[in-house]
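Participant: Okay, so here is run_35.txt, and as you'll see once you scroll down, it has compact mmCIF, C-alpha atoms.
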```
# COMPACT_ATOMS: atom_id res chain seq x y z
CA MET A 912 -18.39 0.84 -14.48
CA LYS A 913 -19.96 -1.76 -12.21
CA SER A 914 -16.59 -3.39 -11.57
CA LEU A 915 -15.00 -0.17 -10.28
CA HIS A 916 -15.30 -1.47 -6.74
CA LYS A 917 -13.11 -4.45 -7.63
CA TYR A 918 -10.26 -2.19 -8.76
CA PHE A 919 -10.36 -0.15 -5.57
CA PHE A 920 -10.73 -3.19 -3.31
CA TYR A 921 -7.98 -5.30 -4.87
CA THR A 922 -5.60 -2.36 -5.17
CA GLY A 923 -6.13 -1.56 -1.51
CA ILE A 924 -5.63 -5.17 -0.48
CA ALA A 925 -2.38 -5.30 -2.48
CA MET A 926 -1.04 -2.03 -1.09
CA ILE A 927 -1.27 -3.10 2.56
CA PRO A 928 1.27 -5.99 2.36
CA ILE A 929 3.46 -3.88 0.08
CA SER A 930 3.62 -1.19 2.76
CA VAL A 931 4.61 -3.79 5.36
CA ILE A 932 7.38 -5.07 3.10
CA MET A 933 8.55 -1.49 2.53
CA PHE A 934 8.67 -0.89 6.29
CA LEU A 935 10.62 -4.08 6.94
CA THR A 936 13.07 -3.23 4.15
CA ALA A 937 13.65 0.24 5.55
CA ILE A 938 14.17 -1.03 9.08
CA GLY A 939 16.49 -3.76 7.81
CA MET A 940 18.67 -1.24 6.00
CA PHE A 941 18.53 1.17 8.94
CA THR A 942 20.01 -1.41 11.29
CA ALA A 943 22.44 -2.91 8.76
CA THR A 944 26.17 -2.24 9.00
CA GLY A 945 28.63 -2.44 6.18
CA ASP A 946 29.26 -0.96 2.77
CA PHE A 947 26.13 -1.05 0.61
CA ASN A 948 25.37 0.12 -2.89
CA PRO A 949 24.16 3.77 -2.79
CA ILE A 950 21.12 2.86 -4.88
CA ILE A 951 20.01 0.32 -2.26
CA VAL A 952 20.48 2.89 0.51
CA LYS A 953 18.39 5.50 -1.37
CA LEU A 954 15.73 2.87 -2.08
CA ALA A 955 15.53 2.07 1.64
CA GLU A 956 15.18 5.77 2.42
CA LEU A 957 12.30 6.02 -0.04
CA CYS A 958 10.69 2.95 1.54
CA LEU A 959 10.91 4.59 4.96
CA ILE A 960 9.27 7.75 3.67
CA LEU A 961 6.51 6.08 1.65
CA TYR A 962 5.43 3.09 3.73
CA LEU A 963 2.88 5.01 5.81
CA PRO A 964 1.16 6.74 2.84
CA PHE A 965 0.94 3.35 1.08
CA PHE A 966 -0.62 1.80 4.17
CA ILE A 967 -3.15 4.62 4.59
CA LEU A 968 -4.06 4.60 0.88
CA GLY A 969 -4.44 0.82 1.00
CA ILE A 970 -6.93 1.09 3.83
CA LEU A 971 -8.80 3.94 2.12
CA PHE A 972 -8.97 2.09 -1.21
CA THR A 973 -10.22 -1.05 0.49
CA ILE A 974 -12.92 0.85 2.35
CA THR A 975 -13.87 2.76 -0.81
CA GLY A 976 -14.18 -0.48 -2.79
CA MET A 977 -16.37 -2.07 -0.15
CA THR A 978 -18.51 1.07 0.10
CA ILE A 979 -19.04 1.25 -3.67
CA TYR A 980 -19.97 -2.44 -3.67
CA LEU A 981 -22.50 -2.02 -0.87
CA VAL A 982 -24.05 1.09 -2.44
CA ASN A 983 -24.44 -0.67 -5.80
CA LYS A 984 -25.80 -3.79 -4.10
CA LYS A 985 -28.72 -1.80 -2.65
CA ASP A 986 -29.80 -0.54 -6.08
```
Please render this file's structure as structure tokens.

Facilitator:
Amino acid sequence: MKSLHKYFFYTGIAMIPISVIMFLTAIGMFTATGDFNPIIVKLAELCLILYLPFFILGILFTITGMTIYLVNKKD
């Protein structure tokens, strides 16, 4: 269980760029004109809804991983 902080930290670090990519995808589809596949449109809608929770969870996981590491380091 000593490596639990690594899972939280690396997951949080990975979720932050993913949320940025989701935001850029949603904005790109929002401003796009033309006839697109309905699956791509629904995927962009999901990206617009979920980018902020992914960003917040990424920050929380990163902070949690660092906190667990610092608490275990003191012991």

Participant: Would you please work out which residue, of A:Leu915, A:Ile950, A:Leu961, A:Ile970, is nearest to Ala937 in chain A when using only C-alpha atoms?

Facilitator: A:Leu961

Participant: Please put the answer as JSON: centre and edge lengths, in Å with one decimal, of a box along x, y and z that encloses all listed atoms of range 951-968 of chain A plus 3 Å on each side.

Facilitator:
```
{"center_x": 8.2, "center_y": 4.0, "center_z": 1.8, "size_x": 30.5, "size_y": 13.4, "size_z": 14.1}
```

Participant: Figure out the distance between CA of Gly923 in chain A and CA of Lys984 in chain A, please, to one decimal in Å.

Facilitator: 20.0 Å

Participant: Would you please work out which residue, of A:Ile974, A:Ala925, A:Leu981, A:Ile938, is nearest to Cys958 in chain A when using all atoms listed in the file?

Facilitator: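 Of the candidates, the smallest distance to Cys958 in chain A is held by A:Ile938.
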
Participant: Can you pull out every residue within 7 Å of Leu959 in chain A, counting only C-alpha atoms, but drop anything in the same chain fewer than 2 positions away, and send it as a PyMOL selection string?

Facilitator: chain A and resi 933-934+937+955-957+961-962

Participant: One decimal, Å: what's the distance from CA of Thr973 in chain A over to CA of Leu954 in chain A, could you say?

Facilitator: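 According to the coordinates, CA of Thr973 in chain A and CA of Leu954 in chain A are separated by 26.4 Å.
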
Participant: Work out how far CA of Leu968 in chain A is from CA of Met926 in chain A, in Å to one decimal.

Facilitator: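 Those two atoms sit 7.5 Å apart.
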
Participant: At a cut-off of 12 Å around the point (-3.7, -1.4, -5.1) (file coordinates), what residues fall inside when counting all atoms listed in the file? I'd like the answer as a list in words.

Facilitator: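 The requested residues, written out, are His916, Lys917, Tyr918, Phe919, Phe920, Tyr921, Thr922, Gly923, Ile924, Ala925, Met926, Ile927, Pro928, Ile929, Ser930, Phe965, Phe966, Ile967, Leu968, Gly969, Ile970, Leu971, Phe972, Thr973, Thr975 and Gly976 of chain A.
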
Participant: Those same residues - C-alpha atoms - I'd like them written as a PDB file, in the coordinates of the input.

Facilitator:
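The resulting result.pdb:
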```pdb
ATOM      1  CA  HIS A 916     -15.300  -1.470  -6.740  1.00  0.00           C
ATOM      2  CA  LYS A 917     -13.110  -4.450  -7.630  1.00  0.00           C
ATOM      3  CA  TYR A 918     -10.260  -2.190  -8.760  1.00  0.00           C
ATOM      4  CA  PHE A 919     -10.360  -0.150  -5.570  1.00  0.00           C
ATOM      5  CA  PHE A 920     -10.730  -3.190  -3.310  1.00  0.00           C
ATOM      6  CA  TYR A 921      -7.980  -5.300  -4.870  1.00  0.00           C
ATOM      7  CA  THR A 922      -5.600  -2.360  -5.170  1.00  0.00           C
ATOM      8  CA  GLY A 923      -6.130  -1.560  -1.510  1.00  0.00           C
ATOM      9  CA  ILE A 924      -5.630  -5.170  -0.480  1.00  0.00           C
ATOM     10  CA  ALA A 925      -2.380  -5.300  -2.480  1.00  0.00           C
ATOM     11  CA  MET A 926      -1.040  -2.030  -1.090  1.00  0.00           C
ATOM     12  CA  ILE A 927      -1.270  -3.100   2.560  1.00  0.00           C
ATOM     13  CA  PRO A 928       1.270  -5.990   2.360  1.00  0.00           C
ATOM     14  CA  ILE A 929       3.460  -3.880   0.080  1.00  0.00           C
ATOM     15  CA  SER A 930       3.620  -1.190   2.760  1.00  0.00           C
ATOM     16  CA  PHE A 965       0.940   3.350   1.080  1.00  0.00           C
ATOM     17  CA  PHE A 966      -0.620   1.800   4.170  1.00  0.00           C
ATOM     18  CA  ILE A 967      -3.150   4.620   4.590  1.00  0.00           C
ATOM     19  CA  LEU A 968      -4.060   4.600   0.880  1.00  0.00           C
ATOM     20  CA  GLY A 969      -4.440   0.820   1.000  1.00  0.00           C
ATOM     21  CA  ILE A 970      -6.930   1.090   3.830  1.00  0.00           C
ATOM     22  CA  LEU A 971      -8.800   3.940   2.120  1.00  0.00           C
ATOM     23  CA  PHE A 972      -8.970   2.090  -1.210  1.00  0.00           C
ATOM     24  CA  THR A 973     -10.220  -1.050   0.490  1.00  0.00           C
ATOM     25  CA  THR A 975     -13.870   2.760  -0.810  1.00  0.00           C
ATOM     26  CA  GLY A 976     -14.180  -0.480  -2.790  1.00  0.00           C
TER      27      GLY A 976
END
```
